[in-house]
Amino acid sequence: MTLSVRNVAVAAALGAALCTALAGCGGGSGTSGSAAGPGGQARMGTPGASAPPVSPASPQAAVSSPAAAPPPAKAPTLAPGPNGLTPVFERAKQQTDKTVALTFDADMTSDQGQRAADGEHFDNPQLIATLRKLQVPSTIFMTGRWAEQYPDQAKSIGTDPNFEIANHSYSHHAFTSPCYGLPALDTAAARADVDRAFAAFRTAGAVNTVPYFRFPGGCYDDQALRAVSTAKVTAVQWDVVSGDAFAKDPDAVAEQVLAGVKPGSVVVMHCTRSAAPVTEEAIRKIVPELRKRGYRFVKVSELIGK
């Protein structure tokens, strides 16, 4: 599929800030199309809110796991791109049906175990509880390291038919460089990183997994698309940026989403308490308003299947 290209220069100040729990992840508009822009530069999302990380929120009670669901039907994928490159999905082709997919990146990098041990919360069980209460089908792009840190939550999400778990890499390292200061993986390590994440989901007991992949930071080029092509996944970007990363005002996040959503949109948000602390509150404003406007919430798999 032919997609537009948006090349964004990496701001030095963001490099340091976004090397934290939410480093470069879903901070900007989706990039799409042929995998590299002029000069072969990697494409990446533009930065969203750039405030420094906030202090971790108080621990929330864990959400109890629902009864295990049967394995889902095989999720649809896109055909490979030119020369067999991994295909990229940004927004539904059918743009008249008022459907929208809310996606949430559950970020944790491979080197943040000590921070979690010290009390930083990379999860957001209250957000998951609210999505369940509001009955919002959602796609969670999870890192393998997150699933290892929170196996009970990964299983709870991954056995709930309301959700599907997609791959956000194991380590949350960059698949091309530059990418917001993230350390970069070489081609072999990149492919192995995808496999390792899927293995972590299986170990946690998640069954509602789909063959979709979101590049850390939204950064990719032809080499990155080639590196993961044998994984038979569809790369999923976005067309609406929530701006919830490091945001402190849920109303501003809600307004940004509501202003950007169009039929067939994919919205990028985060399921990371310490670095996106107002997402759950913003969702409580976004969901009823979009429903009032006639929108129906779907998983990414339904958009891709249209």
# chains A, B, ... in the order shown; residues from 1 in each chain; ligands from 1
$ closest_atom_pairs --of "stretch 217-269 of chain A" --to "stretch 176-191 of chain A" --cutoff "10 Å" --atoms "only C-alpha atoms" --output "Markdown table"
| residue | atom | partner | partner_atom | distance |
| --- | --- | --- | --- | --- |
| A:Gly217 | CA | A:Cys179 | CA | 6.5 |
| A:Gly218 | CA | A:Cys179 | CA | 8.4 |
| A:Cys219 | CA | A:Cys179 | CA | 6.1 |
| A:Tyr220 | CA | A:Thr176 | CA | 5.7 |
| A:Asp221 | CA | A:Thr176 | CA | 6.7 |
| A:Asp222 | CA | A:Thr176 | CA | 9.3 |
| A:Gln223 | CA | A:Thr187 | CA | 7.7 |
| A:Ala224 | CA | A:Thr176 | CA | 6.2 |
| A:Leu225 | CA | A:Thr176 | CA | 9.7 |
| A:Arg226 | CA | A:Thr187 | CA | 8.4 |
| A:Ala227 | CA | A:Thr187 | CA | 5.3 |
| A:Val228 | CA | A:Arg191 | CA | 5.3 |
| A:Ser229 | CA | A:Arg191 | CA | 8.5 |
| A:Thr230 | CA | A:Arg191 | CA | 8.0 |
| A:Ala231 | CA | A:Arg191 | CA | 7.4 |
$ residues_around --residues "stretch 285-288 of chain A" --least-positions-apart "6" --cutoff "12 Å" --atoms "only C-alpha atoms" --output "JSON, numbers by chain"
{"A": [100, 101, 102, 130, 131, 132, 133, 134, 135, 136, 137, 138, 242, 250, 251, 252, 253, 254, 255, 256, 257, 258, 259, 260, 261, 267, 269, 278, 279, 294, 295, 296, 297]}
$ write_last_selection --atoms "N, CA and C atoms" --output "mmCIF file, in the first residue's frame"
data_model
loop_
_atom_site.group_PDB
_atom_site.id
_atom_site.type_symbol
_atom_site.label_atom_id
_atom_site.label_comp_id
_atom_site.auth_asym_id
_atom_site.auth_seq_id
_atom_site.Cartn_x
_atom_site.Cartn_y
_atom_site.Cartn_z
ATOM 1 N N VAL A 100 -13.603 3.409 15.281
ATOM 2 C CA VAL A 100 -12.320 3.927 15.737
ATOM 3 C C VAL A 100 -11.678 2.879 16.639
ATOM 4 N N ALA A 101 -10.380 2.721 16.510
ATOM 5 C CA ALA A 101 -9.635 1.776 17.357
ATOM 6 C C ALA A 101 -8.779 2.552 18.351
ATOM 7 N N LEU A 102 -9.030 2.321 19.622
ATOM 8 C CA LEU A 102 -8.163 2.868 20.671
ATOM 9 C C LEU A 102 -7.072 1.846 20.943
ATOM 10 N N THR A 130 -11.433 0.424 33.658
ATOM 11 C CA THR A 130 -12.361 1.393 33.067
ATOM 12 C C THR A 130 -12.755 0.980 31.651
ATOM 13 N N LEU A 131 -11.806 0.485 30.880
ATOM 14 C CA LEU A 131 -12.140 -0.002 29.532
ATOM 15 C C LEU A 131 -13.136 -1.155 29.607
ATOM 16 N N ARG A 132 -12.960 -2.005 30.606
ATOM 17 C CA ARG A 132 -13.918 -3.108 30.793
ATOM 18 C C ARG A 132 -15.285 -2.565 31.186
ATOM 19 N N LYS A 133 -15.299 -1.647 32.124
ATOM 20 C CA LYS A 133 -16.567 -1.097 32.604
ATOM 21 C C LYS A 133 -17.322 -0.399 31.485
ATOM 22 N N LEU A 134 -16.607 0.334 30.645
ATOM 23 C CA LEU A 134 -17.232 1.057 29.539
ATOM 24 C C LEU A 134 -17.437 0.176 28.311
ATOM 25 N N GLN A 135 -16.957 -1.078 28.382
ATOM 26 C CA GLN A 135 -17.100 -2.045 27.299
ATOM 27 C C GLN A 135 -16.509 -1.493 25.993
ATOM 28 N N VAL A 136 -15.226 -1.137 26.088
ATOM 29 C CA VAL A 136 -14.503 -0.596 24.937
ATOM 30 C C VAL A 136 -13.527 -1.644 24.416
ATOM 31 N N PRO A 137 -13.807 -2.301 23.310
ATOM 32 C CA PRO A 137 -12.823 -3.220 22.721
ATOM 33 C C PRO A 137 -11.542 -2.441 22.410
ATOM 34 N N SER A 138 -10.401 -3.010 22.740
ATOM 35 C CA SER A 138 -9.143 -2.282 22.598
ATOM 36 C C SER A 138 -8.016 -3.228 22.215
ATOM 37 N N SER A 242 -2.722 10.962 20.930
ATOM 38 C CA SER A 242 -3.460 11.416 22.106
ATOM 39 C C SER A 242 -2.715 12.486 22.887
ATOM 40 N N PRO A 250 -5.951 15.836 31.776
ATOM 41 C CA PRO A 250 -6.765 14.872 31.019
ATOM 42 C C PRO A 250 -7.695 15.537 30.023
ATOM 43 N N ASP A 251 -8.140 16.757 30.326
ATOM 44 C CA ASP A 251 -9.024 17.454 29.399
ATOM 45 C C ASP A 251 -8.298 17.760 28.091
ATOM 46 N N ALA A 252 -7.020 18.156 28.195
ATOM 47 C CA ALA A 252 -6.246 18.451 26.992
ATOM 48 C C ALA A 252 -6.042 17.199 26.156
ATOM 49 N N VAL A 253 -5.798 16.061 26.817
ATOM 50 C CA VAL A 253 -5.646 14.793 26.098
ATOM 51 C C VAL A 253 -6.947 14.446 25.385
ATOM 52 N N ALA A 254 -8.057 14.554 26.106
ATOM 53 C CA ALA A 254 -9.355 14.232 25.511
ATOM 54 C C ALA A 254 -9.660 15.138 24.323
ATOM 55 N N GLU A 255 -9.392 16.424 24.476
ATOM 56 C CA GLU A 255 -9.671 17.366 23.391
ATOM 57 C C GLU A 255 -8.830 17.046 22.153
ATOM 58 N N GLN A 256 -7.581 16.645 22.369
ATOM 59 C CA GLN A 256 -6.713 16.331 21.231
ATOM 60 C C GLN A 256 -7.216 15.104 20.487
ATOM 61 N N VAL A 257 -7.654 14.093 21.218
ATOM 62 C CA VAL A 257 -8.189 12.891 20.575
ATOM 63 C C VAL A 257 -9.486 13.213 19.835
ATOM 64 N N LEU A 258 -10.385 13.910 20.496
ATOM 65 C CA LEU A 258 -11.684 14.210 19.902
ATOM 66 C C LEU A 258 -11.545 15.077 18.652
ATOM 67 N N ALA A 259 -10.543 15.935 18.643
ATOM 68 C CA ALA A 259 -10.330 16.792 17.478
ATOM 69 C C ALA A 259 -9.738 16.010 16.296
ATOM 70 N N GLY A 260 -9.047 14.907 16.587
ATOM 71 C CA GLY A 260 -8.340 14.186 15.531
ATOM 72 C C GLY A 260 -9.065 12.991 14.949
ATOM 73 N N VAL A 261 -10.000 12.414 15.692
ATOM 74 C CA VAL A 261 -10.638 11.170 15.247
ATOM 75 C C VAL A 261 -11.495 11.382 14.001
ATOM 76 N N VAL A 267 -6.020 5.417 17.243
ATOM 77 C CA VAL A 267 -5.543 6.365 18.249
ATOM 78 C C VAL A 267 -4.452 5.701 19.076
ATOM 79 N N MET A 269 -2.412 5.634 22.520
ATOM 80 C CA MET A 269 -2.395 6.071 23.908
ATOM 81 C C MET A 269 -1.449 5.135 24.666
ATOM 82 N N VAL A 278 -2.649 10.421 33.299
ATOM 83 C CA VAL A 278 -4.012 10.936 33.177
ATOM 84 C C VAL A 278 -4.827 10.218 32.104
ATOM 85 N N THR A 279 -4.280 9.142 31.541
ATOM 86 C CA THR A 279 -4.956 8.456 30.436
ATOM 87 C C THR A 279 -6.324 7.917 30.839
ATOM 88 N N GLY A 294 -21.678 9.067 17.420
ATOM 89 C CA GLY A 294 -22.037 7.946 16.562
ATOM 90 C C GLY A 294 -20.925 6.975 16.261
ATOM 91 N N TYR A 295 -19.811 7.079 16.991
ATOM 92 C CA TYR A 295 -18.682 6.175 16.752
ATOM 93 C C TYR A 295 -18.848 4.854 17.498
ATOM 94 N N ARG A 296 -18.319 3.814 16.884
ATOM 95 C CA ARG A 296 -18.278 2.488 17.492
ATOM 96 C C ARG A 296 -16.811 2.099 17.677
ATOM 97 N N PHE A 297 -16.473 1.594 18.873
ATOM 98 C CA PHE A 297 -15.096 1.216 19.177
ATOM 99 C C PHE A 297 -14.836 -0.217 18.727
#
$ select_by_dssp --residues "stretch 112-304 of chain A" --states "strand (DSSP E)" --output "list in words"
Ser138, Thr139, Ile140, Phe141, Met142, Phe163, Glu164, Ile165, Ala166, Asn167, Thr209, Val210, Pro211, Tyr212, Phe213, Thr234, Ala235, Val236, Val240, Val241, Ser265, Val266, Val267, Val268, Met269, His270, Arg296 and Phe297 of chain A
$ select_by_dssp --residues "stretch 147-271 of chain A" --states "helix (DSSP H, G or I)" --output "PDB file with N, CA and C atoms, in the first residue's frame"
ATOM      1  N   ALA A 147       5.163  -7.859  30.017  1.00  0.00           N
ATOM      2  CA  ALA A 147       4.459  -9.114  30.313  1.00  0.00           C
ATOM      3  C   ALA A 147       5.192  -9.912  31.378  1.00  0.00           C
ATOM      4  N   GLU A 148       6.520  -9.867  31.361  1.00  0.00           N
ATOM      5  CA  GLU A 148       7.297 -10.567  32.388  1.00  0.00           C
ATOM      6  C   GLU A 148       7.147  -9.897  33.744  1.00  0.00           C
ATOM      7  N   GLN A 149       7.070  -8.573  33.755  1.00  0.00           N
ATOM      8  CA  GLN A 149       6.947  -7.846  35.014  1.00  0.00           C
ATOM      9  C   GLN A 149       5.554  -8.007  35.620  1.00  0.00           C
ATOM     10  N   PRO A 151       2.891 -10.543  34.871  1.00  0.00           N
ATOM     11  CA  PRO A 151       2.317 -11.718  34.183  1.00  0.00           C
ATOM     12  C   PRO A 151       0.836 -11.921  34.471  1.00  0.00           C
ATOM     13  N   ASP A 152       0.403 -11.640  35.699  1.00  0.00           N
ATOM     14  CA  ASP A 152      -1.017 -11.825  36.016  1.00  0.00           C
ATOM     15  C   ASP A 152      -1.880 -10.860  35.213  1.00  0.00           C
ATOM     16  N   GLN A 153      -1.412  -9.630  35.075  1.00  0.00           N
ATOM     17  CA  GLN A 153      -2.178  -8.654  34.291  1.00  0.00           C
ATOM     18  C   GLN A 153      -2.136  -9.000  32.799  1.00  0.00           C
ATOM     19  N   ALA A 154      -0.979  -9.461  32.332  1.00  0.00           N
ATOM     20  CA  ALA A 154      -0.879  -9.852  30.929  1.00  0.00           C
ATOM     21  C   ALA A 154      -1.853 -10.994  30.627  1.00  0.00           C
ATOM     22  N   LYS A 155      -1.936 -11.957  31.540  1.00  0.00           N
ATOM     23  CA  LYS A 155      -2.872 -13.067  31.344  1.00  0.00           C
ATOM     24  C   LYS A 155      -4.315 -12.583  31.408  1.00  0.00           C
ATOM     25  N   SER A 156      -4.613 -11.695  32.368  1.00  0.00           N
ATOM     26  CA  SER A 156      -5.968 -11.171  32.508  1.00  0.00           C
ATOM     27  C   SER A 156      -6.412 -10.442  31.245  1.00  0.00           C
ATOM     28  N   ILE A 157      -5.529  -9.593  30.717  1.00  0.00           N
ATOM     29  CA  ILE A 157      -5.843  -8.877  29.482  1.00  0.00           C
ATOM     30  C   ILE A 157      -5.932  -9.851  28.314  1.00  0.00           C
ATOM     31  N   GLY A 158      -5.004 -10.784  28.264  1.00  0.00           N
ATOM     32  CA  GLY A 158      -4.895 -11.697  27.133  1.00  0.00           C
ATOM     33  C   GLY A 158      -5.855 -12.857  27.145  1.00  0.00           C
ATOM     34  N   THR A 187      19.892  -6.120  12.787  1.00  0.00           N
ATOM     35  CA  THR A 187      18.839  -6.864  12.102  1.00  0.00           C
ATOM     36  C   THR A 187      18.507  -8.188  12.789  1.00  0.00           C
ATOM     37  N   ALA A 188      19.516  -8.953  13.142  1.00  0.00           N
ATOM     38  CA  ALA A 188      19.274 -10.253  13.782  1.00  0.00           C
ATOM     39  C   ALA A 188      18.634 -10.078  15.154  1.00  0.00           C
ATOM     40  N   ALA A 189      19.120  -9.119  15.903  1.00  0.00           N
ATOM     41  CA  ALA A 189      18.572  -8.881  17.240  1.00  0.00           C
ATOM     42  C   ALA A 189      17.138  -8.380  17.159  1.00  0.00           C
ATOM     43  N   ALA A 190      16.829  -7.584  16.131  1.00  0.00           N
ATOM     44  CA  ALA A 190      15.474  -7.065  15.964  1.00  0.00           C
ATOM     45  C   ALA A 190      14.487  -8.205  15.747  1.00  0.00           C
ATOM     46  N   ARG A 191      14.825  -9.116  14.858  1.00  0.00           N
ATOM     47  CA  ARG A 191      13.929 -10.258  14.583  1.00  0.00           C
ATOM     48  C   ARG A 191      13.748 -11.106  15.832  1.00  0.00           C
ATOM     49  N   ALA A 192      14.826 -11.355  16.560  1.00  0.00           N
ATOM     50  CA  ALA A 192      14.755 -12.161  17.785  1.00  0.00           C
ATOM     51  C   ALA A 192      13.928 -11.461  18.852  1.00  0.00           C
ATOM     52  N   ASP A 193      13.969 -10.133  18.876  1.00  0.00           N
ATOM     53  CA  ASP A 193      13.232  -9.354  19.866  1.00  0.00           C
ATOM     54  C   ASP A 193      11.728  -9.534  19.698  1.00  0.00           C
ATOM     55  N   VAL A 194      11.282  -9.611  18.457  1.00  0.00           N
ATOM     56  CA  VAL A 194       9.861  -9.840  18.184  1.00  0.00           C
ATOM     57  C   VAL A 194       9.448 -11.218  18.695  1.00  0.00           C
ATOM     58  N   ASP A 195      10.242 -12.231  18.376  1.00  0.00           N
ATOM     59  CA  ASP A 195       9.937 -13.590  18.829  1.00  0.00           C
ATOM     60  C   ASP A 195       9.918 -13.676  20.351  1.00  0.00           C
ATOM     61  N   ARG A 196      10.860 -13.006  20.987  1.00  0.00           N
ATOM     62  CA  ARG A 196      10.957 -13.076  22.439  1.00  0.00           C
ATOM     63  C   ARG A 196       9.726 -12.468  23.112  1.00  0.00           C
ATOM     64  N   ALA A 197       9.181 -11.412  22.513  1.00  0.00           N
ATOM     65  CA  ALA A 197       7.965 -10.808  23.062  1.00  0.00           C
ATOM     66  C   ALA A 197       6.788 -11.773  22.963  1.00  0.00           C
ATOM     67  N   PHE A 198       6.591 -12.383  21.801  1.00  0.00           N
ATOM     68  CA  PHE A 198       5.492 -13.345  21.660  1.00  0.00           C
ATOM     69  C   PHE A 198       5.661 -14.498  22.654  1.00  0.00           C
ATOM     70  N   ALA A 199       6.897 -14.928  22.880  1.00  0.00           N
ATOM     71  CA  ALA A 199       7.152 -16.004  23.841  1.00  0.00           C
ATOM     72  C   ALA A 199       6.769 -15.574  25.249  1.00  0.00           C
ATOM     73  N   ALA A 200       7.038 -14.323  25.587  1.00  0.00           N
ATOM     74  CA  ALA A 200       6.675 -13.812  26.915  1.00  0.00           C
ATOM     75  C   ALA A 200       5.165 -13.790  27.103  1.00  0.00           C
ATOM     76  N   PHE A 201       4.418 -13.470  26.045  1.00  0.00           N
ATOM     77  CA  PHE A 201       2.954 -13.485  26.140  1.00  0.00           C
ATOM     78  C   PHE A 201       2.458 -14.905  26.395  1.00  0.00           C
ATOM     79  N   ARG A 202       3.028 -15.874  25.675  1.00  0.00           N
ATOM     80  CA  ARG A 202       2.617 -17.268  25.868  1.00  0.00           C
ATOM     81  C   ARG A 202       2.932 -17.742  27.282  1.00  0.00           C
ATOM     82  N   THR A 203       4.099 -17.385  27.768  1.00  0.00           N
ATOM     83  CA  THR A 203       4.499 -17.793  29.121  1.00  0.00           C
ATOM     84  C   THR A 203       3.537 -17.228  30.164  1.00  0.00           C
ATOM     85  N   ALA A 204       3.076 -16.001  29.943  1.00  0.00           N
ATOM     86  CA  ALA A 204       2.145 -15.366  30.878  1.00  0.00           C
ATOM     87  C   ALA A 204       0.748 -15.984  30.797  1.00  0.00           C
ATOM     88  N   PRO A 216       8.907   0.422  18.365  1.00  0.00           N
ATOM     89  CA  PRO A 216       9.172   1.383  19.441  1.00  0.00           C
ATOM     90  C   PRO A 216       9.456   2.761  18.864  1.00  0.00           C
ATOM     91  N   GLY A 217       8.795   3.766  19.418  1.00  0.00           N
ATOM     92  CA  GLY A 217       8.948   5.116  18.910  1.00  0.00           C
ATOM     93  C   GLY A 217       8.245   5.348  17.592  1.00  0.00           C
ATOM     94  N   GLY A 218       7.637   4.318  17.007  1.00  0.00           N
ATOM     95  CA  GLY A 218       7.055   4.448  15.687  1.00  0.00           C
ATOM     96  C   GLY A 218       8.105   4.623  14.610  1.00  0.00           C
ATOM     97  N   ASP A 222      13.227   0.911   5.610  1.00  0.00           N
ATOM     98  CA  ASP A 222      13.193  -0.337   4.827  1.00  0.00           C
ATOM     99  C   ASP A 222      13.927  -1.470   5.539  1.00  0.00           C
ATOM    100  N   GLN A 223      15.055  -1.141   6.149  1.00  0.00           N
ATOM    101  CA  GLN A 223      15.828  -2.181   6.828  1.00  0.00           C
ATOM    102  C   GLN A 223      15.043  -2.772   7.990  1.00  0.00           C
ATOM    103  N   ALA A 224      14.335  -1.917   8.743  1.00  0.00           N
ATOM    104  CA  ALA A 224      13.523  -2.406   9.859  1.00  0.00           C
ATOM    105  C   ALA A 224      12.375  -3.270   9.355  1.00  0.00           C
ATOM    106  N   LEU A 225      11.729  -2.844   8.279  1.00  0.00           N
ATOM    107  CA  LEU A 225      10.626  -3.626   7.713  1.00  0.00           C
ATOM    108  C   LEU A 225      11.118  -4.963   7.182  1.00  0.00           C
ATOM    109  N   ARG A 226      12.324  -4.962   6.646  1.00  0.00           N
ATOM    110  CA  ARG A 226      12.913  -6.206   6.146  1.00  0.00           C
ATOM    111  C   ARG A 226      13.282  -7.136   7.306  1.00  0.00           C
ATOM    112  N   ALA A 227      13.757  -6.546   8.405  1.00  0.00           N
ATOM    113  CA  ALA A 227      14.214  -7.345   9.544  1.00  0.00           C
ATOM    114  C   ALA A 227      13.086  -8.163  10.160  1.00  0.00           C
ATOM    115  N   SER A 229      10.221  -8.993   8.514  1.00  0.00           N
ATOM    116  CA  SER A 229       9.339  -9.544   7.478  1.00  0.00           C
ATOM    117  C   SER A 229       9.070 -11.029   7.657  1.00  0.00           C
ATOM    118  N   THR A 230      10.051 -11.779   8.152  1.00  0.00           N
ATOM    119  CA  THR A 230       9.842 -13.220   8.317  1.00  0.00           C
ATOM    120  C   THR A 230       8.956 -13.551   9.515  1.00  0.00           C
ATOM    121  N   ALA A 231       8.651 -12.559  10.348  1.00  0.00           N
ATOM    122  CA  ALA A 231       7.745 -12.787  11.478  1.00  0.00           C
ATOM    123  C   ALA A 231       6.291 -12.821  11.034  1.00  0.00           C
ATOM    124  N   PRO A 250      -5.951  15.836  31.776  1.00  0.00           N
ATOM    125  CA  PRO A 250      -6.765  14.872  31.019  1.00  0.00           C
ATOM    126  C   PRO A 250      -7.695  15.537  30.023  1.00  0.00           C
ATOM    127  N   ASP A 251      -8.140  16.757  30.326  1.00  0.00           N
ATOM    128  CA  ASP A 251      -9.024  17.454  29.399  1.00  0.00           C
ATOM    129  C   ASP A 251      -8.298  17.760  28.091  1.00  0.00           C
ATOM    130  N   ALA A 252      -7.020  18.156  28.195  1.00  0.00           N
ATOM    131  CA  ALA A 252      -6.246  18.451  26.992  1.00  0.00           C
ATOM    132  C   ALA A 252      -6.042  17.199  26.156  1.00  0.00           C
ATOM    133  N   VAL A 253      -5.798  16.061  26.817  1.00  0.00           N
ATOM    134  CA  VAL A 253      -5.646  14.793  26.098  1.00  0.00           C
ATOM    135  C   VAL A 253      -6.947  14.446  25.385  1.00  0.00           C
ATOM    136  N   ALA A 254      -8.057  14.554  26.106  1.00  0.00           N
ATOM    137  CA  ALA A 254      -9.355  14.232  25.511  1.00  0.00           C
ATOM    138  C   ALA A 254      -9.660  15.138  24.323  1.00  0.00           C
ATOM    139  N   GLU A 255      -9.392  16.424  24.476  1.00  0.00           N
ATOM    140  CA  GLU A 255      -9.671  17.366  23.391  1.00  0.00           C
ATOM    141  C   GLU A 255      -8.830  17.046  22.153  1.00  0.00           C
ATOM    142  N   GLN A 256      -7.581  16.645  22.369  1.00  0.00           N
ATOM    143  CA  GLN A 256      -6.713  16.331  21.231  1.00  0.00           C
ATOM    144  C   GLN A 256      -7.216  15.104  20.487  1.00  0.00           C
ATOM    145  N   VAL A 257      -7.654  14.093  21.218  1.00  0.00           N
ATOM    146  CA  VAL A 257      -8.189  12.891  20.575  1.00  0.00           C
ATOM    147  C   VAL A 257      -9.486  13.213  19.835  1.00  0.00           C
ATOM    148  N   LEU A 258     -10.385  13.910  20.496  1.00  0.00           N
ATOM    149  CA  LEU A 258     -11.684  14.210  19.902  1.00  0.00           C
ATOM    150  C   LEU A 258     -11.545  15.077  18.652  1.00  0.00           C
ATOM    151  N   ALA A 259     -10.543  15.935  18.643  1.00  0.00           N
ATOM    152  CA  ALA A 259     -10.330  16.792  17.478  1.00  0.00           C
ATOM    153  C   ALA A 259      -9.738  16.010  16.296  1.00  0.00           C
ATOM    154  N   GLY A 260      -9.047  14.907  16.587  1.00  0.00           N
ATOM    155  CA  GLY A 260      -8.340  14.186  15.531  1.00  0.00           C
ATOM    156  C   GLY A 260      -9.065  12.991  14.949  1.00  0.00           C
TER     157      GLY A 260
END
$ atom_distance --atom1 "atom CA of A:Glu302" --atom2 "atom CA of A:Asp105"
18.3 Å
$ atom_distance --atom1 "atom CA of A:Asn208" --atom2 "atom CA of A:Pro76"
13.5 Å
$ atom_distance --atom1 "atom CA of A:Ala92" --atom2 "atom CA of A:Glu281"
26.8 Å
$ closest_residue --among "A:Val207, A:Ile283, A:Ala275, A:Ala116" --to "A:Ala166" --atoms "only C-alpha atoms"
A:Val207
$ closest_residue --among "A:His168, A:Arg145, A:Arg293, A:Lys74" --to "A:Pro263" --atoms "only C-alpha atoms"
A:Arg293
$ residues_around --residues "A:Gly305" --least-positions-apart "4" --cutoff "8 Å" --atoms "only C-alpha atoms" --output "count of residues only"
4
